[in-house]
Amino acid sequence: WAVYTNNDYSKLLDWNPVLSAQTLKESQVKGLYTLPDLRDEFLERLPKAYQIPPVSNELMQPMDSTVQHQFTVYSTTSGKLCGVRKGWALAKGRVTKRNVFVLKNSARSYFFSTAIEYRGDLSDMMMAKDPLDKTNYSDSGFNVCVTTSDLSKGEYWAGILLQTWDGLYYYIQAPDKIIVK
């Protein structure tokens, strides 16, 4: 979540769980952050560098052998926190721009920014498989922790929305569901 204060959109603040919880509550009231529309009037006012382009079906790529990933979604027994630690996702031959953590059910989808974790080993791993692959995969690692207490109760599929620098998107769904109590 990007959080701004006093309508000053020129200063992007670091993630703050208290402010993020307020933003999430407000987004639920307004019905924001549901698929397929990833934009709203708040995002429209952001400086161009911070705007998230809409994800259209034309840009969404099918899962295939070019997409490789490894992540485990963890959840507390109380269901109040979930996240991924030391995960990664990449598309072969494409530089990762960002990985977004997704919680979705039939009624709603929530998108959460992840913290990029530098993973130089991924470029080495891909080069070992294909010596001609000189793509930099170092920014494909990520971490995320989400407070779920402000989400609607229910079961959610967790996943990662991988965005590449050339504008393509891949959705990778985790095998397990998260239960928000």
# chains A, B, ... in the order shown; residues from 1 in each chain; ligands from 1
$ residues_around --residues "Leu122 (chain A)" --least-positions-apart "2" --cutoff "8 Å" --atoms "only C-alpha atoms" --output "compact mmCIF listing (two decimals) with N, CA and C atoms, in the first residue's frame"
# COMPACT_ATOMS: atom_id res chain seq x y z
N ARG A 119 18.31 -11.16 -5.25
CA ARG A 119 18.63 -12.58 -5.36
C ARG A 119 19.56 -12.80 -6.55
N GLY A 120 20.85 -12.54 -6.35
CA GLY A 120 21.84 -12.76 -7.40
C GLY A 120 21.93 -14.21 -7.82
N ASP A 124 22.33 -16.67 -11.68
CA ASP A 124 23.28 -17.79 -11.79
C ASP A 124 22.54 -19.09 -12.10
N MET A 125 21.42 -19.32 -11.42
CA MET A 125 20.64 -20.54 -11.63
C MET A 125 20.13 -20.63 -13.07
N MET A 126 19.60 -19.51 -13.57
CA MET A 126 19.05 -19.50 -14.92
C MET A 126 20.17 -19.63 -15.96
N TYR A 137 17.98 -11.47 -13.31
CA TYR A 137 16.84 -11.90 -12.51
C TYR A 137 17.01 -11.51 -11.04
N SER A 138 17.97 -10.68 -10.73
CA SER A 138 18.32 -10.38 -9.34
C SER A 138 17.20 -9.73 -8.53
N SER A 140 14.03 -10.48 -8.65
CA SER A 140 12.85 -11.35 -8.68
C SER A 140 12.47 -11.89 -7.31
$ residues_around --residues "Ile160 (chain A)" --least-positions-apart "5" --cutoff "9 Å" --atoms "only C-alpha atoms" --output "list in words"
Ala89, Asn99, Val100, Phe101, Val102, Leu103, Tyr170, Tyr171, Ile172, Gln173 and Ala174 of chain A
$ write_last_selection --atoms "N, CA and C atoms" --output "PDB file, in the first residue's frame"
ATOM      1  N   ALA A  89       9.781 -15.160  -8.045  1.00  0.00           N
ATOM      2  CA  ALA A  89       9.006 -15.500  -9.238  1.00  0.00           C
ATOM      3  C   ALA A  89       9.620 -14.742 -10.410  1.00  0.00           C
ATOM      4  N   ASN A  99       6.713  -7.904  -8.071  1.00  0.00           N
ATOM      5  CA  ASN A  99       5.839  -9.004  -7.703  1.00  0.00           C
ATOM      6  C   ASN A  99       4.835  -8.442  -6.706  1.00  0.00           C
ATOM      7  N   VAL A 100       3.573  -8.690  -6.930  1.00  0.00           N
ATOM      8  CA  VAL A 100       2.503  -8.182  -6.080  1.00  0.00           C
ATOM      9  C   VAL A 100       1.820  -9.372  -5.420  1.00  0.00           C
ATOM     10  N   PHE A 101       1.630  -9.308  -4.106  1.00  0.00           N
ATOM     11  CA  PHE A 101       0.954 -10.360  -3.357  1.00  0.00           C
ATOM     12  C   PHE A 101      -0.550 -10.163  -3.502  1.00  0.00           C
ATOM     13  N   VAL A 102      -1.261 -11.236  -3.824  1.00  0.00           N
ATOM     14  CA  VAL A 102      -2.697 -11.160  -4.087  1.00  0.00           C
ATOM     15  C   VAL A 102      -3.442 -12.103  -3.150  1.00  0.00           C
ATOM     16  N   LEU A 103      -4.503 -11.600  -2.537  1.00  0.00           N
ATOM     17  CA  LEU A 103      -5.461 -12.436  -1.820  1.00  0.00           C
ATOM     18  C   LEU A 103      -6.795 -12.239  -2.517  1.00  0.00           C
ATOM     19  N   TYR A 170       1.819 -12.159 -15.168  1.00  0.00           N
ATOM     20  CA  TYR A 170       1.575 -13.584 -14.974  1.00  0.00           C
ATOM     21  C   TYR A 170       1.013 -13.748 -13.563  1.00  0.00           C
ATOM     22  N   TYR A 171      -0.080 -14.483 -13.428  1.00  0.00           N
ATOM     23  CA  TYR A 171      -0.625 -14.746 -12.093  1.00  0.00           C
ATOM     24  C   TYR A 171      -0.249 -16.163 -11.681  1.00  0.00           C
ATOM     25  N   ILE A 172       0.353 -16.285 -10.519  1.00  0.00           N
ATOM     26  CA  ILE A 172       0.790 -17.573  -9.985  1.00  0.00           C
ATOM     27  C   ILE A 172       0.007 -17.818  -8.702  1.00  0.00           C
ATOM     28  N   GLN A 173      -0.838 -18.809  -8.715  1.00  0.00           N
ATOM     29  CA  GLN A 173      -1.658 -19.087  -7.537  1.00  0.00           C
ATOM     30  C   GLN A 173      -0.984 -20.119  -6.647  1.00  0.00           C
ATOM     31  N   ALA A 174      -0.964 -19.845  -5.342  1.00  0.00           N
ATOM     32  CA  ALA A 174      -0.425 -20.797  -4.376  1.00  0.00           C
ATOM     33  C   ALA A 174      -1.421 -21.951  -4.219  1.00  0.00           C
TER      34      ALA A 174
END
$ atom_distance --atom1 "CA of Lys97 (chain A)" --atom2 "CA of Lys134 (chain A)"
16.5 Å
$ closest_residue --among "A:Thr66, A:Thr77, A:Ser152, A:Gln61" --to "Asn105 (chain A)" --atoms "only C-alpha atoms"
A:Ser152
$ residues_around --residues "Ser65 (chain A)" --least-positions-apart "3" --cutoff "9 Å" --atoms "only C-alpha atoms" --output "PyMOL selection string"
chain A and resi 68+91-92
$ atom_distance --atom1 "CA of His69 (chain A)" --atom2 "CA of Leu81 (chain A)"
22.2 Å
$ atom_distance --atom1 "CA of Arg85 (chain A)" --atom2 "CA of Met63 (chain A)"
22.4 Å
$ select_by_dssp --residues "region 64-132 of chain A" --states "alpha helix (DSSP H)" --output "list in words"
Gly120, Asp121, Leu122, Ser123, Asp124, Met125, Met126, Met127, Ala128 and Lys129 of chain A
$ closest_residue --among "A:Trp88, A:Asn143, A:Ser149, A:Glu155" --to "Ser123 (chain A)" --atoms "only C-alpha atoms"
A:Trp88
$ closest_residue --among "A:Tyr110, A:Lys80, A:Tyr74, A:Arg94" --to "Leu161 (chain A)" --atoms "only C-alpha atoms"
A:Tyr110
